[in-house]
Amino acid sequence: MERIILMKRFIEKIKHFYFSNKEISIIGIICILISVSYMITYNMPDYFGIEPFYSWLNNLAISYIAALIFFIVQVYVPEERNKKKCMEVLRNKFVSITTFIDVSIMLCKKHIKIKDKGADLIWNGDNEKLYIKYSKVGDDKAFTCRSYTKTEIFRLQNIFDSKISEIKNSSVIKYCDYGLLELLSQIEDAKFFDGISYVIRLANTEIGFLKFGSNLAKIQSLNDKLKEMCFIENDFQLHDIEESDKFVADLPRNDISEELKSIRDFNIVRMKRYIKQQLDGQGVAIPEEMLDKISKEAVDAQMNKGNK
């Protein structure tokens with residue numbers, strides 16, 4: 001069984017070398033066939049008088065095979081080793097950038113609806129704020145909640161550029177696969193995040209955004225190829241956002257030390273948001289002081305009940 005596994009790995013490496021160096025591999029196969037045929041026919045009569053030419057061709061083939069072996073040992077194998085180490089170093093950065101693109105695509109699909117002229121922006125927070133809740137496919141328990149203000153959406157291109165720069169400025173980037181770097185350049189040239197800012201700025205105008213859908217499909221295709229080349233299997237799914245999730249999503253931009261002095265404070269803020277949401281749904285408004293008092297009493301009641 002172990003020999004079969006080793007044989008499969010060896011065959012896979014041969015296939016990888018062949019497809020990575022197709023031209024020189026084909027010439028190498030031809031040279032091997034020439035040398036083998038020369039050995040087989042060595043003692044046969046030379047009816048056509050081509051032995052001198054055939055001998056010269058065989059010597060040329062042997063020289064090429066020797067050069068090919070030298071290339072494999074001295075160039076190809078060290079390069080592959082360096083590429084592997086390069087991917088080990090940069091893997092987290094590639095995971096970060098592909099996740100960033102995936103989440104941004106989900107954000108666009110859920111909250112931006114392109115019309116014949118202009119676009120509908122589905123803000124699900126106060127003061128033009130977007131909330132999104134997602135998890136990895138197959139993992140419905142580990143949620144991530146994010147919020148985006150209008151200003152933060154306009155900065156997505158800058159964040160993306162910084163992630164690209166981290167990869168390109170890495171000390172091991174010279175060992176990175178050329179095809180991978182070319183793909184990164186294609187993603188960079190797509191200017192997808194600039195396109196998001198453009199749509200949001202001009203959503204209420206008479207301008208059409210017919211190319212936005214095709215650009216969205218293009219960046220998703222490029223990102224899928226990037227994940228495939230980097231052996232990244234992360235796929236994400238959206239979930240309905242709840243009022244309590246919005247508090248969690250806003251924590252990174254708030255002063256956490258002030259908001260989370262205790263578990264009680266945390267629960268009071270969540271309860272306050274929940275009660276306000278219920279009252280707003282019924283068209284009822286109450287003073288802020290009363291809302292604070294009700295929230296504190298509700299949390300204290302829950303905590304006392306849990307302690308019994």
# chains A, B, ... in the order shown; residues from 1 in each chain; ligands from 1
>>> residues_around(residues="stretch 170-178 of chain A", least_positions_apart="5", cutoff="9 Å", atoms="only C-alpha atoms", output="count of residues only")
12
>>> residues_around(residues="A:Ile24", least_positions_apart="5", cutoff="9 Å", atoms="only C-alpha atoms", output="NGL selection string")
:A and (18 or 29 or 68)
>>> residues_around(residues="A:Ile232", least_positions_apart="5", cutoff="9 Å", atoms="only C-alpha atoms", output="ChimeraX atom specification")
/A:91,94-95,98,226-227
>>> residues_around(residues="A:Ile27", least_positions_apart="3", cutoff="10 Å", atoms="only C-alpha atoms", output="PyMOL selection string")
chain A and resi 22-24+30-33+61+64-65+68
>>> write_last_selection(atoms="N, CA and C atoms", output="mmCIF file, in the first residue's frame")
data_model
loop_
_atom_site.group_PDB
_atom_site.id
_atom_site.type_symbol
_atom_site.label_atom_id
_atom_site.label_comp_id
_atom_site.auth_asym_id
_atom_site.auth_seq_id
_atom_site.Cartn_x
_atom_site.Cartn_y
_atom_site.Cartn_z
ATOM 1 N N LYS A 22 6.207 22.016 -20.768
ATOM 2 C CA LYS A 22 5.682 21.144 -21.819
ATOM 3 C C LYS A 22 6.621 21.034 -23.024
ATOM 4 N N GLU A 23 7.166 22.163 -23.460
ATOM 5 C CA GLU A 23 7.988 22.154 -24.677
ATOM 6 C C GLU A 23 9.255 21.319 -24.493
ATOM 7 N N ILE A 24 9.990 21.590 -23.397
ATOM 8 C CA ILE A 24 11.245 20.855 -23.204
ATOM 9 C C ILE A 24 10.966 19.391 -22.865
ATOM 10 N N ILE A 30 11.137 12.869 -27.212
ATOM 11 C CA ILE A 30 11.611 12.541 -28.564
ATOM 12 C C ILE A 30 13.059 12.061 -28.517
ATOM 13 N N CYS A 31 13.894 12.738 -27.728
ATOM 14 C CA CYS A 31 15.304 12.354 -27.614
ATOM 15 C C CYS A 31 15.459 10.963 -27.008
ATOM 16 N N ILE A 32 14.637 10.662 -26.006
ATOM 17 C CA ILE A 32 14.684 9.325 -25.408
ATOM 18 C C ILE A 32 14.309 8.264 -26.428
ATOM 19 N N LEU A 33 13.290 8.538 -27.231
ATOM 20 C CA LEU A 33 12.864 7.593 -28.270
ATOM 21 C C LEU A 33 13.963 7.384 -29.306
ATOM 22 N N ALA A 61 20.842 13.672 -29.052
ATOM 23 C CA ALA A 61 19.755 13.330 -28.133
ATOM 24 C C ALA A 61 20.286 13.056 -26.727
ATOM 25 N N TYR A 64 21.097 16.249 -25.034
ATOM 26 C CA TYR A 64 19.892 16.954 -24.574
ATOM 27 C C TYR A 64 19.347 16.298 -23.303
ATOM 28 N N ILE A 65 19.343 14.969 -23.278
ATOM 29 C CA ILE A 65 18.849 14.247 -22.094
ATOM 30 C C ILE A 65 19.699 14.582 -20.873
ATOM 31 N N LEU A 68 18.758 17.973 -19.789
ATOM 32 C CA LEU A 68 17.445 17.939 -19.141
ATOM 33 C C LEU A 68 17.561 17.446 -17.698
#
>>> residues_around(residues="A:Lys293", least_positions_apart="6", cutoff="12 Å", atoms="only C-alpha atoms", output="short mmCIF file (atom, residue, chain, number, x, y, z; two decimals) with N, CA and C atoms, in the first residue's frame")
data_model
loop_
_atom_site.label_atom_id
_atom_site.label_comp_id
_atom_site.auth_asym_id
_atom_site.auth_seq_id
_atom_site.Cartn_x
_atom_site.Cartn_y
_atom_site.Cartn_z
N ILE A 268 -26.94 44.45 28.89
CA ILE A 268 -27.86 45.59 28.92
C ILE A 268 -27.93 46.26 27.56
N VAL A 269 -26.77 46.44 26.93
CA VAL A 269 -26.76 47.07 25.60
C VAL A 269 -27.52 46.22 24.60
N MET A 271 -29.91 44.00 25.25
CA MET A 271 -31.32 44.02 25.60
C MET A 271 -31.97 45.33 25.17
N LYS A 272 -31.24 46.42 25.34
CA LYS A 272 -31.76 47.72 24.94
C LYS A 272 -32.03 47.78 23.44
N ILE A 275 -35.20 45.51 22.74
CA ILE A 275 -36.46 46.14 23.13
C ILE A 275 -36.82 47.28 22.19
N ILE A 286 -40.56 55.38 23.51
CA ILE A 286 -40.50 55.70 24.94
C ILE A 286 -39.23 56.49 25.21
N PRO A 287 -39.20 57.26 26.30
CA PRO A 287 -38.00 58.04 26.62
C PRO A 287 -36.77 57.15 26.83
N VAL A 299 -32.35 42.53 32.32
CA VAL A 299 -31.07 41.81 32.41
C VAL A 299 -30.86 41.28 33.82
N ASP A 300 -31.14 42.12 34.83
CA ASP A 300 -30.96 41.69 36.22
C ASP A 300 -31.87 40.51 36.54
#
>>> select_by_dssp(residues="stretch 111-288 of chain A", states="alpha helix (DSSP H)", output="PyMOL selection string")
chain A and resi 111+150-154+156-168+178-189+192-201+210-229+243-250+256-259+263-281+288
>>> residues_around(residues="stretch 160-164 of chain A", least_positions_apart="2", cutoff="12 Å", atoms="only C-alpha atoms", output="ChimeraX atom specification")
/A:90,92-101,104,153-158,166-170,173,181,183-194
>>> atom_distance(atom1="atom CA of A:His239", atom2="atom CA of A:Phe143")
8.6 Å
>>> select_by_dssp(residues="stretch 14-209 of chain A", states="strand (DSSP E or B)", output="list in words")
Ile112, Lys113, Ile114, Ala119, Asp120, Leu121, Gly125, Lys129, Leu130, Tyr131, Ile132, Lys133, Tyr134, Ser135, Lys136, Thr144, Cys145, Arg146, Ser147, Tyr148 and Thr149 of chain A
>>> write_last_selection(atoms="N, CA and C atoms", output="compact mmCIF listing (two decimals), in the first residue's frame")
# COMPACT_ATOMS: atom_id res chain seq x y z
N ILE A 112 -26.72 45.44 -2.98
CA ILE A 112 -26.72 46.32 -4.14
C ILE A 112 -27.54 45.67 -5.25
N LYS A 113 -28.61 46.33 -5.64
CA LYS A 113 -29.49 45.85 -6.70
C LYS A 113 -29.42 46.82 -7.87
N ILE A 114 -28.82 46.39 -8.95
CA ILE A 114 -28.64 47.24 -10.13
C ILE A 114 -29.96 47.35 -10.89
N ALA A 119 -29.12 52.45 -8.97
CA ALA A 119 -29.10 51.21 -8.20
C ALA A 119 -29.81 51.42 -6.87
N ASP A 120 -30.38 50.34 -6.34
CA ASP A 120 -30.98 50.36 -5.02
C ASP A 120 -29.96 49.86 -4.01
N LEU A 121 -29.72 50.66 -2.97
CA LEU A 121 -28.80 50.27 -1.90
C LEU A 121 -29.63 49.88 -0.68
N GLY A 125 -28.90 49.35 8.50
CA GLY A 125 -28.48 49.97 9.75
C GLY A 125 -28.75 51.46 9.69
N LYS A 129 -25.63 52.39 7.02
CA LYS A 129 -24.68 51.39 7.47
C LYS A 129 -25.16 50.01 7.02
N LEU A 130 -24.20 49.17 6.61
CA LEU A 130 -24.51 47.82 6.17
C LEU A 130 -24.00 46.81 7.20
N TYR A 131 -24.85 45.83 7.50
CA TYR A 131 -24.46 44.75 8.40
C TYR A 131 -24.52 43.43 7.63
N ILE A 132 -23.56 42.56 7.91
CA ILE A 132 -23.52 41.27 7.24
C ILE A 132 -23.08 40.20 8.25
N LYS A 133 -23.70 39.04 8.15
CA LYS A 133 -23.38 37.93 9.03
C LYS A 133 -23.13 36.71 8.16
N TYR A 134 -21.98 36.06 8.34
CA TYR A 134 -21.63 34.94 7.47
C TYR A 134 -20.83 33.89 8.24
N SER A 135 -20.72 32.74 7.62
CA SER A 135 -19.94 31.64 8.19
C SER A 135 -19.40 30.80 7.05
N LYS A 136 -18.46 29.92 7.36
CA LYS A 136 -17.97 28.99 6.36
C LYS A 136 -19.07 27.99 6.03
N THR A 144 -19.42 35.14 11.78
CA THR A 144 -18.68 36.39 11.79
C THR A 144 -19.65 37.50 11.43
N CYS A 145 -19.69 38.55 12.25
CA CYS A 145 -20.58 39.69 12.01
C CYS A 145 -19.73 40.91 11.68
N ARG A 146 -20.07 41.58 10.60
CA ARG A 146 -19.32 42.76 10.16
C ARG A 146 -20.28 43.91 9.88
N SER A 147 -19.82 45.10 10.07
CA SER A 147 -20.60 46.28 9.70
C SER A 147 -19.72 47.21 8.87
N TYR A 148 -20.37 47.95 7.98
CA TYR A 148 -19.65 48.86 7.09
C TYR A 148 -20.40 50.19 7.04
N THR A 149 -19.71 51.25 7.38
CA THR A 149 -20.27 52.57 7.14
C THR A 149 -20.01 52.93 5.68
>>> residues_around(residues="stretch 205-220 of chain A", least_positions_apart="2", cutoff="7 Å", atoms="only C-alpha atoms", output="list of chain:residue names")
A:Ile114, A:Asp116, A:Lys117, A:Gly118, A:Ile187, A:Phe192, A:Leu202, A:Ala203, A:Leu222, A:Asn223, A:Asp224
>>> write_last_selection(atoms="C-alpha atoms", output="JSON list (two decimals), in the first residue's frame")
[["chain", "number", "residue", "atom", "x", "y", "z"],
["A", 114, "ILE", "CA", -28.64, 47.24, -10.13],
["A", 116, "ASP", "CA", -31.76, 50.01, -15.64],
["A", 117, "LYS", "CA", -30.67, 53.40, -14.36],
["A", 118, "GLY", "CA", -29.05, 53.79, -10.97],
["A", 187, "ILE", "CA", -7.54, 40.71, -9.91],
["A", 192, "PHE", "CA", -13.62, 45.77, -8.39],
["A", 202, "LEU", "CA", -24.01, 57.49, -8.14],
["A", 203, "ALA", "CA", -26.77, 55.10, -7.10],
["A", 222, "LEU", "CA", -10.65, 35.06, -10.68],
["A", 223, "ASN", "CA", -10.91, 34.65, -6.92],
["A", 224, "ASP", "CA", -12.03, 31.02, -7.31]]
>>> atom_distance(atom1="atom CA of A:Phe53", atom2="atom CA of A:Ser35")
13.0 Å
>>> closest_atom_pairs(of="stretch 24-78 of chain A", to="stretch 8-14 of chain A", cutoff="12 Å", atoms="only C-alpha atoms", output="tab-separated table")
residue	atom	partner	partner_atom	distance
A:Ser25	CA	A:Ile14	CA	10.0
A:Ile72	CA	A:Ile14	CA	11.0
A:Tyr76	CA	A:Lys13	CA	11.4
A:Val77	CA	A:Lys13	CA	10.5
>>> write_last_selection(atoms="N, CA and C atoms", output="mmCIF file, in the first residue's frame")
data_model
loop_
_atom_site.group_PDB
_atom_site.id
_atom_site.type_symbol
_atom_site.label_atom_id
_atom_site.label_comp_id
_atom_site.auth_asym_id
_atom_site.auth_seq_id
_atom_site.Cartn_x
_atom_site.Cartn_y
_atom_site.Cartn_z
ATOM 1 N N SER A 25 9.789 19.126 -22.278
ATOM 2 C CA SER A 25 9.426 17.738 -21.967
ATOM 3 C C SER A 25 9.173 16.947 -23.241
ATOM 4 N N ILE A 72 16.624 19.511 -14.313
ATOM 5 C CA ILE A 72 15.714 19.010 -13.281
ATOM 6 C C ILE A 72 16.371 19.074 -11.907
ATOM 7 N N TYR A 76 14.948 22.925 -11.608
ATOM 8 C CA TYR A 76 13.530 22.659 -11.353
ATOM 9 C C TYR A 76 13.265 22.255 -9.900
ATOM 10 N N VAL A 77 13.998 21.280 -9.389
ATOM 11 C CA VAL A 77 13.755 20.790 -8.021
ATOM 12 C C VAL A 77 13.967 21.901 -6.979
#
>>> atom_distance(atom1="atom CA of A:His111", atom2="atom CA of A:Leu279")
25.2 Å
>>> decode(residues="stretch 175-285 of chain A", atoms="C-alpha atoms", output="PDB file, in the first residue's frame")
ATOM      1  CA  TYR A 175       9.947  32.366  -5.486  1.00  0.00           C
ATOM      2  CA  CYS A 176       6.195  32.656  -6.115  1.00  0.00           C
ATOM      3  CA  ASP A 177       4.706  30.876  -9.114  1.00  0.00           C
ATOM      4  CA  TYR A 178       4.534  33.180 -12.152  1.00  0.00           C
ATOM      5  CA  GLY A 179       0.988  32.080 -12.966  1.00  0.00           C
ATOM      6  CA  LEU A 180      -0.102  33.039  -9.457  1.00  0.00           C
ATOM      7  CA  LEU A 181       1.449  36.501  -9.765  1.00  0.00           C
ATOM      8  CA  GLU A 182      -0.228  36.967 -13.149  1.00  0.00           C
ATOM      9  CA  LEU A 183      -3.589  36.050 -11.614  1.00  0.00           C
ATOM     10  CA  LEU A 184      -3.045  38.527  -8.780  1.00  0.00           C
ATOM     11  CA  SER A 185      -2.347  41.242 -11.363  1.00  0.00           C
ATOM     12  CA  GLN A 186      -5.591  40.401 -13.167  1.00  0.00           C
ATOM     13  CA  ILE A 187      -7.541  40.709  -9.910  1.00  0.00           C
ATOM     14  CA  GLU A 188      -5.790  43.989  -9.172  1.00  0.00           C
ATOM     15  CA  ASP A 189      -6.501  45.368 -12.652  1.00  0.00           C
ATOM     16  CA  ALA A 190     -10.215  44.564 -12.304  1.00  0.00           C
ATOM     17  CA  LYS A 191     -10.617  47.539  -9.889  1.00  0.00           C
ATOM     18  CA  PHE A 192     -13.623  45.774  -8.388  1.00  0.00           C
ATOM     19  CA  PHE A 193     -13.690  47.803  -5.173  1.00  0.00           C
ATOM     20  CA  ASP A 194     -13.449  51.091  -7.045  1.00  0.00           C
ATOM     21  CA  GLY A 195     -16.509  49.865  -8.947  1.00  0.00           C
ATOM     22  CA  ILE A 196     -18.410  49.366  -5.672  1.00  0.00           C
ATOM     23  CA  SER A 197     -17.597  52.939  -4.589  1.00  0.00           C
ATOM     24  CA  TYR A 198     -18.659  54.235  -7.996  1.00  0.00           C
ATOM     25  CA  VAL A 199     -22.063  52.523  -7.769  1.00  0.00           C
ATOM     26  CA  ILE A 200     -22.727  53.773  -4.229  1.00  0.00           C
ATOM     27  CA  ARG A 201     -21.766  57.358  -5.058  1.00  0.00           C
ATOM     28  CA  LEU A 202     -24.006  57.493  -8.140  1.00  0.00           C
ATOM     29  CA  ALA A 203     -26.773  55.104  -7.098  1.00  0.00           C
ATOM     30  CA  ASN A 204     -29.452  57.797  -7.158  1.00  0.00           C
ATOM     31  CA  THR A 205     -28.511  59.195 -10.577  1.00  0.00           C
ATOM     32  CA  GLU A 206     -29.632  58.256 -14.089  1.00  0.00           C
ATOM     33  CA  ILE A 207     -26.346  56.489 -14.823  1.00  0.00           C
ATOM     34  CA  GLY A 208     -26.496  52.834 -15.825  1.00  0.00           C
ATOM     35  CA  PHE A 209     -24.258  50.188 -14.248  1.00  0.00           C
ATOM     36  CA  LEU A 210     -24.696  47.418 -16.814  1.00  0.00           C
ATOM     37  CA  LYS A 211     -21.076  46.230 -16.454  1.00  0.00           C
ATOM     38  CA  PHE A 212     -21.251  45.856 -12.682  1.00  0.00           C
ATOM     39  CA  GLY A 213     -22.858  42.404 -12.852  1.00  0.00           C
ATOM     40  CA  SER A 214     -20.284  41.096 -15.336  1.00  0.00           C
ATOM     41  CA  ASN A 215     -17.427  42.563 -13.264  1.00  0.00           C
ATOM     42  CA  LEU A 216     -18.874  40.845 -10.204  1.00  0.00           C
ATOM     43  CA  ALA A 217     -18.906  37.488 -12.011  1.00  0.00           C
ATOM     44  CA  LYS A 218     -15.373  38.116 -13.323  1.00  0.00           C
ATOM     45  CA  ILE A 219     -13.857  38.894  -9.920  1.00  0.00           C
ATOM     46  CA  GLN A 220     -15.584  35.860  -8.426  1.00  0.00           C
ATOM     47  CA  SER A 221     -14.159  33.636 -11.165  1.00  0.00           C
ATOM     48  CA  LEU A 222     -10.655  35.060 -10.677  1.00  0.00           C
ATOM     49  CA  ASN A 223     -10.908  34.653  -6.915  1.00  0.00           C
ATOM     50  CA  ASP A 224     -12.028  31.024  -7.307  1.00  0.00           C
ATOM     51  CA  LYS A 225      -8.982  30.382  -9.516  1.00  0.00           C
ATOM     52  CA  LEU A 226      -6.736  32.003  -6.917  1.00  0.00           C
ATOM     53  CA  LYS A 227      -8.160  29.765  -4.178  1.00  0.00           C
ATOM     54  CA  GLU A 228      -7.684  26.730  -6.400  1.00  0.00           C
ATOM     55  CA  MET A 229      -4.040  27.583  -7.106  1.00  0.00           C
ATOM     56  CA  CYS A 230      -3.381  28.190  -3.395  1.00  0.00           C
ATOM     57  CA  PHE A 231      -5.313  25.069  -2.295  1.00  0.00           C
ATOM     58  CA  ILE A 232      -7.745  27.193  -0.262  1.00  0.00           C
ATOM     59  CA  GLU A 233     -11.069  25.459   0.285  1.00  0.00           C
ATOM     60  CA  ASN A 234     -12.901  28.217   2.201  1.00  0.00           C
ATOM     61  CA  ASP A 235     -16.408  28.947   0.936  1.00  0.00           C
ATOM     62  CA  PHE A 236     -18.842  31.203   2.765  1.00  0.00           C
ATOM     63  CA  GLN A 237     -22.588  31.550   3.239  1.00  0.00           C
ATOM     64  CA  LEU A 238     -24.772  34.424   4.428  1.00  0.00           C
ATOM     65  CA  HIS A 239     -27.149  34.376   7.401  1.00  0.00           C
ATOM     66  CA  ASP A 240     -29.923  36.733   8.465  1.00  0.00           C
ATOM     67  CA  ILE A 241     -28.597  39.451  10.727  1.00  0.00           C
ATOM     68  CA  GLU A 242     -30.292  39.959  14.097  1.00  0.00           C
ATOM     69  CA  GLU A 243     -30.330  43.085  16.214  1.00  0.00           C
ATOM     70  CA  SER A 244     -27.984  41.549  18.779  1.00  0.00           C
ATOM     71  CA  ASP A 245     -25.542  40.692  15.957  1.00  0.00           C
ATOM     72  CA  LYS A 246     -25.303  44.382  15.049  1.00  0.00           C
ATOM     73  CA  PHE A 247     -23.855  45.170  18.464  1.00  0.00           C
ATOM     74  CA  VAL A 248     -21.184  42.503  18.013  1.00  0.00           C
ATOM     75  CA  ALA A 249     -20.456  43.776  14.487  1.00  0.00           C
ATOM     76  CA  ASP A 250     -19.888  47.328  15.765  1.00  0.00           C
ATOM     77  CA  LEU A 251     -17.502  46.309  18.558  1.00  0.00           C
ATOM     78  CA  PRO A 252     -14.273  46.730  16.509  1.00  0.00           C
ATOM     79  CA  ARG A 253     -14.952  50.431  15.966  1.00  0.00           C
ATOM     80  CA  ASN A 254     -16.175  51.132  19.511  1.00  0.00           C
ATOM     81  CA  ASP A 255     -14.231  51.551  22.742  1.00  0.00           C
ATOM     82  CA  ILE A 256     -14.556  47.965  23.933  1.00  0.00           C
ATOM     83  CA  SER A 257     -13.045  48.709  27.331  1.00  0.00           C
ATOM     84  CA  GLU A 258     -15.846  51.164  28.021  1.00  0.00           C
ATOM     85  CA  GLU A 259     -18.675  49.083  26.577  1.00  0.00           C
ATOM     86  CA  LEU A 260     -17.641  45.815  28.129  1.00  0.00           C
ATOM     87  CA  LYS A 261     -16.765  46.683  31.697  1.00  0.00           C
ATOM     88  CA  SER A 262     -18.826  43.693  32.728  1.00  0.00           C
ATOM     89  CA  ILE A 263     -20.991  40.968  31.283  1.00  0.00           C
ATOM     90  CA  ARG A 264     -23.980  42.866  32.702  1.00  0.00           C
ATOM     91  CA  ASP A 265     -23.150  45.988  30.710  1.00  0.00           C
ATOM     92  CA  PHE A 266     -22.800  43.917  27.573  1.00  0.00           C
ATOM     93  CA  ASN A 267     -26.185  42.265  28.121  1.00  0.00           C
ATOM     94  CA  ILE A 268     -27.857  45.587  28.922  1.00  0.00           C
ATOM     95  CA  VAL A 269     -26.756  47.069  25.605  1.00  0.00           C
ATOM     96  CA  ARG A 270     -28.007  44.013  23.722  1.00  0.00           C
ATOM     97  CA  MET A 271     -31.317  44.020  25.599  1.00  0.00           C
ATOM     98  CA  LYS A 272     -31.761  47.720  24.942  1.00  0.00           C
ATOM     99  CA  ARG A 273     -31.301  47.208  21.228  1.00  0.00           C
ATOM    100  CA  TYR A 274     -33.715  44.276  21.239  1.00  0.00           C
ATOM    101  CA  ILE A 275     -36.464  46.140  23.134  1.00  0.00           C
ATOM    102  CA  LYS A 276     -36.057  49.210  20.903  1.00  0.00           C
ATOM    103  CA  GLN A 277     -36.387  47.033  17.812  1.00  0.00           C
ATOM    104  CA  GLN A 278     -39.610  45.479  19.156  1.00  0.00           C
ATOM    105  CA  LEU A 279     -41.072  48.882  20.064  1.00  0.00           C
ATOM    106  CA  ASP A 280     -40.137  50.398  16.724  1.00  0.00           C
ATOM    107  CA  GLY A 281     -41.890  47.514  14.990  1.00  0.00           C
ATOM    108  CA  GLN A 282     -45.101  48.392  16.867  1.00  0.00           C
ATOM    109  CA  GLY A 283     -44.703  52.110  16.288  1.00  0.00           C
ATOM    110  CA  VAL A 284     -44.149  52.836  19.988  1.00  0.00           C
ATOM    111  CA  ALA A 285     -41.580  55.304  21.310  1.00  0.00           C
TER     112      ALA A 285
END
